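Coordinates as given in data-v8.cif (mmCIF, C-alpha atoms):
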data_protein
#
loop_
_atom_site.label_atom_id
_atom_site.label_comp_id
_atom_site.auth_asym_id
_atom_site.auth_seq_id
_atom_site.Cartn_x
_atom_site.Cartn_y
_atom_site.Cartn_z
CA MET A 1364 100.69 103.09 140.46
CA ASN A 1365 98.73 102.02 143.53
CA LEU A 1366 101.41 100.55 145.79
CA GLU A 1367 98.84 98.98 148.08
CA ASN A 1368 97.48 96.84 145.24
CA ILE A 1369 100.78 96.07 143.52
CA SER A 1370 100.74 92.40 144.62
CA ARG A 1371 97.04 91.68 144.31
CA PRO A 1372 96.19 88.38 142.56
CA SER A 1373 95.89 88.63 138.80
CA GLN A 1374 93.33 86.95 136.60
CA ILE A 1375 94.93 83.83 135.15
CA GLU A 1376 92.84 83.94 131.99
CA ASN A 1377 94.53 87.22 131.04
CA TYR A 1378 97.89 85.47 130.73
CA ARG A 1379 96.83 84.22 127.30
CA PHE A 1380 97.52 87.70 125.92
CA GLY A 1381 101.23 87.17 126.61
CA LEU A 1382 103.91 89.85 126.57
CA SER A 1383 104.52 92.13 123.60
CA THR A 1384 108.29 91.75 123.72
CA LEU A 1385 108.91 94.22 120.90
CA HIS A 1386 106.71 96.96 122.33
CA CYS A 1387 108.20 96.36 125.77
CA TRP A 1388 111.37 98.03 124.48
CA ILE A 1389 109.37 101.14 123.60
CA ARG A 1390 107.29 101.23 126.79
CA PHE A 1391 110.30 100.79 129.09
CA PHE A 1392 112.18 103.45 127.12
CA GLU A 1393 109.29 105.91 127.34
CA CYS A 1394 108.92 105.27 131.05
CA LEU A 1395 112.52 106.34 131.70
CA LEU A 1396 112.22 109.17 129.20
CA HIS A 1397 109.28 110.77 131.00
CA ILE A 1398 110.92 110.30 134.38
CA GLY A 1399 113.91 112.20 133.01
CA TYR A 1400 111.68 115.04 131.83
CA ARG A 1401 110.13 115.38 135.30
CA LEU A 1402 113.27 115.00 137.42
CA PRO A 1403 113.52 118.75 138.17
CA ILE A 1404 110.04 118.75 139.77
CA LYS A 1405 109.87 115.08 140.92
CA SER A 1406 106.13 114.83 140.32
CA TRP A 1407 104.09 112.58 138.05
CA GLN A 1408 101.54 115.30 137.35
CA VAL A 1409 102.78 118.55 135.87
CA LYS A 1410 100.61 121.31 137.31
CA GLY A 1411 101.03 125.03 137.10
CA ALA A 1412 102.55 127.21 134.42
CA GLU A 1413 105.95 127.32 136.11
CA ASN A 1414 106.28 123.53 136.39
CA LYS A 1415 105.06 123.03 132.83
CA GLU A 1416 107.70 125.44 131.57
CA ILE A 1417 110.42 123.68 133.58
CA VAL A 1418 109.44 120.26 132.22
CA GLU A 1419 109.13 121.54 128.66
CA ASN A 1420 112.55 123.20 128.76
CA ASN A 1421 114.12 120.07 130.24
CA LYS A 1422 112.44 117.96 127.56
CA LYS A 1423 113.88 120.13 124.79
CA LYS A 1424 117.32 119.97 126.39
CA ILE A 1425 117.17 116.15 126.61
CA GLN A 1426 115.92 115.84 123.03
CA ALA A 1427 118.76 118.05 121.79
CA GLU A 1428 121.36 115.98 123.67
CA PHE A 1429 120.01 112.69 122.32
CA LYS A 1430 120.20 114.16 118.83
CA SER A 1431 123.74 115.54 119.17
CA ARG A 1432 125.35 112.78 121.26
CA MET A 1433 123.56 109.63 120.09
CA GLY A 1434 121.95 110.65 116.81
CA LEU A 1435 118.50 109.74 118.16
CA ILE A 1436 115.30 111.68 117.52
CA VAL A 1437 113.05 111.08 120.53
CA ASP A 1438 109.46 112.06 121.25
CA LYS A 1439 108.89 113.75 117.90
CA PRO A 1440 105.58 113.17 116.08
CA LYS A 1441 105.67 111.44 112.70
CA PRO A 1442 103.38 112.70 109.94
CA GLY A 1443 100.29 110.54 109.87
CA TYR A 1444 101.12 108.08 112.64
CA GLY A 1445 102.82 107.64 115.99
CA SER A 1446 106.06 109.19 117.09
CA SER A 1447 109.78 108.70 116.59
CA ASN A 1448 109.94 106.44 119.65
CA ASP A 1449 110.33 103.17 117.76
CA GLY A 1450 111.97 99.85 118.54
CA ASN A 1451 115.31 100.83 117.03
CA THR A 1452 115.53 104.01 119.09
CA ALA A 1453 114.73 102.11 122.27
CA ARG A 1454 117.36 99.46 121.54
CA CYS A 1455 120.05 102.08 120.92
CA PHE A 1456 119.09 103.72 124.21
CA PHE A 1457 119.39 100.51 126.24
CA TYR A 1458 122.59 99.38 124.54
CA ASN A 1459 124.30 102.59 125.69
CA PRO A 1460 123.28 102.76 129.37
CA GLU A 1461 126.13 104.98 130.50
CA LEU A 1462 125.53 107.69 127.91
CA SER A 1463 121.75 107.38 128.26
CA SER A 1464 122.10 107.83 132.02
CA GLU A 1465 124.20 110.97 131.56
CA ILE A 1466 121.68 112.53 129.19
CA LEU A 1467 118.54 111.70 131.19
CA GLY A 1468 119.94 111.88 134.70
CA ILE A 1469 118.43 108.45 135.38
CA ASP A 1470 120.20 105.91 137.58
CA LYS A 1471 122.48 103.78 135.39
CA ASN A 1472 121.77 100.56 137.32
CA LEU A 1473 118.06 100.82 136.57
CA ILE A 1474 118.74 101.25 132.85
CA VAL A 1475 121.09 98.24 132.91
CA LYS A 1476 118.53 96.06 134.70
CA PHE A 1477 115.79 97.11 132.27
CA SER A 1478 118.15 96.28 129.40
CA ILE A 1479 118.91 92.80 130.75
CA ILE A 1480 115.21 92.06 131.27
CA LEU A 1481 114.34 93.12 127.73
CA ARG A 1482 117.18 91.13 126.17
CA VAL A 1483 116.24 88.02 128.13
CA LEU A 1484 112.63 88.30 126.96
CA ALA A 1485 113.69 88.90 123.35
CA SER A 1486 116.27 86.09 123.25
CA GLY A 1487 113.75 83.46 122.16
CA ARG A 1488 115.27 80.92 124.58
CA PRO A 1489 113.86 79.16 127.65
CA ILE A 1490 114.24 81.27 130.78
CA LYS A 1491 115.37 80.22 134.26
CA ILE A 1492 112.24 81.31 136.04
CA GLU A 1493 113.59 81.50 139.60
CA ASN A 1494 116.63 83.55 138.60
CA PHE A 1495 114.55 85.81 136.40
CA LYS A 1496 111.95 86.31 139.12
CA GLU A 1497 114.70 87.47 141.46
CA LEU A 1498 115.91 89.96 138.83
CA LEU A 1499 112.39 91.31 138.34
CA GLY A 1500 111.94 91.74 142.09
CA GLU A 1501 115.24 93.58 142.47
CA THR A 1502 114.41 95.85 139.54
CA LYS A 1503 110.95 96.66 140.86
CA GLN A 1504 112.35 97.53 144.28
CA LEU A 1505 115.07 99.70 142.76
CA TYR A 1506 112.46 101.56 140.72
CA LEU A 1507 110.32 102.18 143.80
CA ASP A 1508 113.30 103.30 145.88
CA LEU A 1509 114.42 105.82 143.27
CA TYR A 1510 111.29 107.02 141.48
CA ARG A 1511 108.31 106.17 143.65
CA TRP A 1512 106.82 109.56 142.77
CA TYR A 1513 106.36 108.51 139.12
CA TYR A 1514 103.51 106.05 138.67
CA MET A 1515 104.80 102.87 137.08
CA PRO A 1516 103.21 102.40 133.62
CA SER A 1517 100.97 99.35 133.34
CA SER A 1518 103.17 97.73 130.67
CA VAL A 1519 106.23 97.98 132.94
CA HIS A 1520 104.23 96.73 135.93
CA LYS A 1521 102.98 93.79 133.87
CA VAL A 1522 106.53 92.60 133.20
CA LEU A 1523 108.03 93.28 136.62
CA GLU A 1524 105.14 91.93 138.67
CA HIS A 1525 103.56 89.23 136.48
CA GLY A 1526 106.23 88.47 133.88
CA CYS A 1527 107.28 85.07 135.24
CA GLU A 1528 103.70 83.83 135.60
CA ILE A 1529 102.93 84.85 132.01
CA ILE A 1530 106.11 83.16 130.73
CA GLU A 1531 105.25 79.93 132.56
CA SER A 1532 101.76 79.87 131.04
CA PHE A 1533 103.19 79.32 127.53
CA SER A 1534 104.83 76.17 126.22
CA LEU A 1535 107.17 78.12 123.92
CA PRO A 1536 109.79 80.67 125.03
CA ILE A 1537 108.13 84.07 125.20
CA GLY A 1538 110.63 85.58 122.74
CA GLN A 1539 109.45 83.21 120.01
CA LEU A 1540 105.97 84.70 120.27
CA SER A 1541 107.18 88.21 119.49
CA GLU A 1542 105.29 90.49 117.13
CA ASP A 1543 108.51 91.58 115.36
CA ASP A 1544 107.75 89.84 112.06
CA LEU A 1545 104.20 91.14 111.93
CA GLU A 1546 105.30 94.71 112.59
CA ALA A 1547 108.09 94.45 110.02
CA ARG A 1548 105.45 94.09 107.28
CA HIS A 1549 103.97 97.53 107.89
CA LYS A 1550 106.27 99.26 105.44
CA GLU A 1551 105.44 96.70 102.74
CA VAL A 1552 101.72 97.02 103.44
CA ARG A 1553 101.90 100.78 102.88
CA LYS A 1554 103.87 100.30 99.65
CA TYR A 1555 101.50 97.63 98.30
CA ARG A 1556 98.44 99.70 99.19
CA LEU A 1557 99.88 102.72 97.38
CA PHE A 1558 101.19 101.06 94.21
CA HIS A 1559 99.43 97.70 93.80
CA THR A 1560 95.80 98.15 94.79
CA ARG A 1561 92.71 99.58 93.16
CA LYS A 1562 91.49 102.82 94.68
CA CYS A 1563 87.88 102.63 93.50
CA SER A 1564 86.61 101.16 96.77
CA ARG A 1565 87.87 100.00 100.14
CA ILE A 1566 86.80 96.41 99.46
CA SER A 1567 88.73 96.31 96.19
CA SER A 1568 91.75 97.91 97.79
CA ASN A 1569 91.85 95.45 100.71
CA THR A 1570 91.24 92.49 98.38
CA ASP A 1571 94.20 93.46 96.21
CA LEU A 1572 96.33 94.04 99.28
CA LEU A 1573 95.60 90.60 100.75
CA LYS A 1574 96.30 88.93 97.41
CA ARG A 1575 99.64 90.71 97.17
CA LEU A 1576 100.55 89.69 100.73
CA SER A 1577 99.58 86.09 99.93
CA ILE A 1578 101.86 86.10 96.89
CA THR A 1579 104.84 87.54 98.75
CA SER A 1580 104.47 85.00 101.57
CA GLU A 1581 104.18 81.98 99.23
CA PRO A 1582 107.00 79.53 100.16
CA LEU A 1583 108.40 79.02 96.65
CA ILE A 1584 108.47 82.73 95.89
CA SER A 1585 110.03 83.42 99.28
CA THR A 1586 112.98 81.16 98.42
CA LYS A 1587 113.75 83.36 95.40
CA ARG A 1588 113.89 86.52 97.47
CA LYS A 1589 117.26 87.97 98.40
CA VAL A 1590 117.85 87.37 102.09
CA THR A 1591 119.02 90.44 103.97
CA THR A 1592 121.77 90.02 106.52
CA ARG A 1593 120.64 90.50 110.09
CA LYS A 1594 123.04 91.59 112.77
CA SER A 1595 123.41 89.04 115.56
CA ASN A 1596 124.76 89.89 118.98
CA LYS A 1597 126.47 87.37 121.21
CA LEU A 1598 124.63 86.81 124.46
CA ASP A 1599 126.68 88.42 127.20
CA ILE A 1600 127.18 86.81 130.58
CA ASP A 1601 124.57 89.04 132.27
CA VAL A 1602 121.89 87.66 129.95
CA GLN A 1603 123.14 84.07 129.79
CA LYS A 1604 122.71 83.44 133.50
CA TYR A 1605 118.95 83.92 133.15
CA LEU A 1606 118.62 81.56 130.17
CA ILE A 1607 118.63 77.80 129.80
CA CYS A 1608 121.42 77.83 127.27
CA GLU A 1609 124.38 75.44 127.41
CA ASP A 1610 126.14 76.91 124.37
CA THR A 1611 127.83 80.09 125.58
CA SER A 1612 128.57 81.13 122.00
CA SER A 1613 124.87 81.30 121.17
CA THR A 1614 123.61 84.44 119.53
CA TYR A 1615 120.27 86.07 119.05
CA ASP A 1616 119.05 88.33 116.30
CA LEU A 1617 119.19 92.04 116.95
CA ASP A 1618 117.13 93.38 114.09
CA ILE A 1619 118.31 96.97 114.05
CA ASN A 1620 116.50 97.53 110.76
CA LEU A 1621 113.07 96.71 112.09
CA GLU A 1622 110.17 98.59 110.59
CA ASP A 1623 110.16 102.26 111.50
CA SER A 1624 106.42 102.12 112.06
CA VAL A 1625 106.94 100.07 115.21
CA SER A 1626 106.54 103.27 117.10
CA SER A 1627 104.72 104.70 120.02
CA ASP A 1628 101.31 106.15 119.39
CA SER A 1629 100.80 106.74 123.06
CA SER A 1630 101.15 110.16 124.55
CA GLU A 1631 101.31 111.42 128.08
CA SER A 1632 99.92 114.67 129.29
CA GLU A 1633 102.70 117.05 130.13
#
Translate the structure of the given file into structure tokens.
Amino acid sequence: MNLENISRPSQIENYRFGLSTLHCWIRFFECLLHIGYRLPIKSWQVKGAENKEIVENNKKKIQAEFKSRMGLIVDKPKPGYGSSNDGNTARCFFYNPELSSEILGIDKNLIVKFSIILRVLASGRPIKIENFKELLGETKQLYLDLYRWYYMPSSVHKVLEHGCEIIESFSLPIGQLSEDDLEARHKEVRKYRLFHTRKCSRISSNTDLLKRLSITSEPLISTKRKVTTRKSNKLDIDVQKYLICEDTSSTYDLDINLEDSVSSDSSESE
């Protein structure tokens, strides 16, 4: 991250791309994860055989602790696509800041602030821009004070530095523009492609797939489908104060069973 250019004016036309609120969970999680791996050497780049061995050993230790203490499999490749760093893993990480801090060695306050930011964005409710901007500024400064040596990923920078401007550029709350529903169809797409499409050509296969998706999304058929229960979490006071929400008993959906394929296909050089 170039600290000299951190506050340079952004191009307004790029705001139309919005914020990927679902993938923000993964990117913020991976940011902290890779900081934790590199804490023994405190360097963004891992150079030299000795440093690479230190980071690799620390990574294995952290992965083992996540597995044994939280039941999470982190940074493991999945056959055919991405890695095990999916939305569900990231949510579990941020909803247990104290334990996550112990395992990674990351400052607990930074994890908590990241968690609040992500929950505010995902709430689907109007946001108090001034209050939220103050939170983003405090979080950015805390990050720089603690881990200036690790370049801030562009997705994290986008939220902390330009999040409020992007939110203000949309008429709907940013959480209502999430890609959650689209990503949740990935598992069904794979099943339909495997069992309900012709395999004689790609055109035939994609045609059958689109027809099947059209059928399953037809309103009348959708009403006949069994509705799965989604877990809803009550908005805690730390999140409520950044939202325009008069009803303190309001809840938001925490879809812990989101599609496993909402995973990270990004990799960083160790």
Under the PyMOL selection byres ((chain A and resi 1489) around 8), which residues of this model are included? Write them out as a list in words.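 With the PyMOL selection byres ((chain A and resi 1489) around 8) on this model, the match is Gly1487, Arg1488, Ile1490, Lys1491, Leu1535, Pro1536, Ile1537, Leu1606, Ile1607 and Cys1608 of chain A.
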Coordinates-based distance that separates atom CA of A:Val1552 from atom CA of A:Glu1581 (Å, one decimal):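 Going from atom CA of A:Glu1581 over to atom CA of A:Val1552 covers 15.8 Å.
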One number please: atom CA of A:Asp1571 to atom CA of A:Arg1556, in Å, one decimal.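 Distance reported for this atom pair: 8.1 Å.
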Do you know which residues the PyMOL selection byres ((chain A and resi 1391-1402) around 8) returns on this file, as a ChimeraX atom specification? /A:1387-1390,1403-1407,1418-1419,1421-1422,1425,1448,1453,1456-1457,1467-1469,1477,1510,1513,1515-1516,1518-1519
d(atom CA of A:Ile1600, atom CA of A:Leu1523) in Å: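 Separating atom CA of A:Ile1600 from atom CA of A:Leu1523 is a distance of 21.1 Å.
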Could you spell out the hits of the PyMOL selection byres ((chain A and resi 1432-1439) around 9) on the shown file, as a PDB file with C-alpha atoms, in the coordinates of the input?
ATOM      1  CA  GLU A1393     109.290 105.910 127.340  1.00  0.00           C
ATOM      2  CA  LEU A1396     112.220 109.170 129.200  1.00  0.00           C
ATOM      3  CA  ILE A1425     117.170 116.150 126.610  1.00  0.00           C
ATOM      4  CA  GLN A1426     115.920 115.840 123.030  1.00  0.00           C
ATOM      5  CA  ALA A1427     118.760 118.050 121.790  1.00  0.00           C
ATOM      6  CA  GLU A1428     121.360 115.980 123.670  1.00  0.00           C
ATOM      7  CA  PHE A1429     120.010 112.690 122.320  1.00  0.00           C
ATOM      8  CA  LYS A1430     120.200 114.160 118.830  1.00  0.00           C
ATOM      9  CA  SER A1431     123.740 115.540 119.170  1.00  0.00           C
ATOM     10  CA  PRO A1440     105.580 113.170 116.080  1.00  0.00           C
ATOM     11  CA  LYS A1441     105.670 111.440 112.700  1.00  0.00           C
ATOM     12  CA  GLY A1445     102.820 107.640 115.990  1.00  0.00           C
ATOM     13  CA  SER A1446     106.060 109.190 117.090  1.00  0.00           C
ATOM     14  CA  SER A1447     109.780 108.700 116.590  1.00  0.00           C
ATOM     15  CA  ASN A1448     109.940 106.440 119.650  1.00  0.00           C
ATOM     16  CA  ASP A1449     110.330 103.170 117.760  1.00  0.00           C
ATOM     17  CA  THR A1452     115.530 104.010 119.090  1.00  0.00           C
ATOM     18  CA  CYS A1455     120.050 102.080 120.920  1.00  0.00           C
ATOM     19  CA  PHE A1456     119.090 103.720 124.210  1.00  0.00           C
ATOM     20  CA  LEU A1462     125.530 107.690 127.910  1.00  0.00           C
ATOM     21  CA  SER A1463     121.750 107.380 128.260  1.00  0.00           C
ATOM     22  CA  ILE A1466     121.680 112.530 129.190  1.00  0.00           C
ATOM     23  CA  SER A1627     104.720 104.700 120.020  1.00  0.00           C
TER      24      SER A1627
END
Any idea what's packed within 8 Å of A:Lys1471, counting only C-alpha atoms, ignoring anything in its chain fewer than 6 positions away? Could you give it as a VMD selection string? chain A and resid 1460 to 1461 1464
For each of A:Leu1572, A:Cys1527, A:Val1409, A:Ala1485, take the minimum atom-to-atom distance to A:Ser1383, counting all atoms listed in the file, then give the residue where this is smallest.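 Answer, going by the shortest atom-to-atom distance: A:Ala1485.
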Within 9 Å of A:Arg1575 using all atoms listed in the file, minus same-chain residues under 3 positions, as a PyMOL selection string: chain A and resi 1555+1559-1560+1570-1572+1578-1580
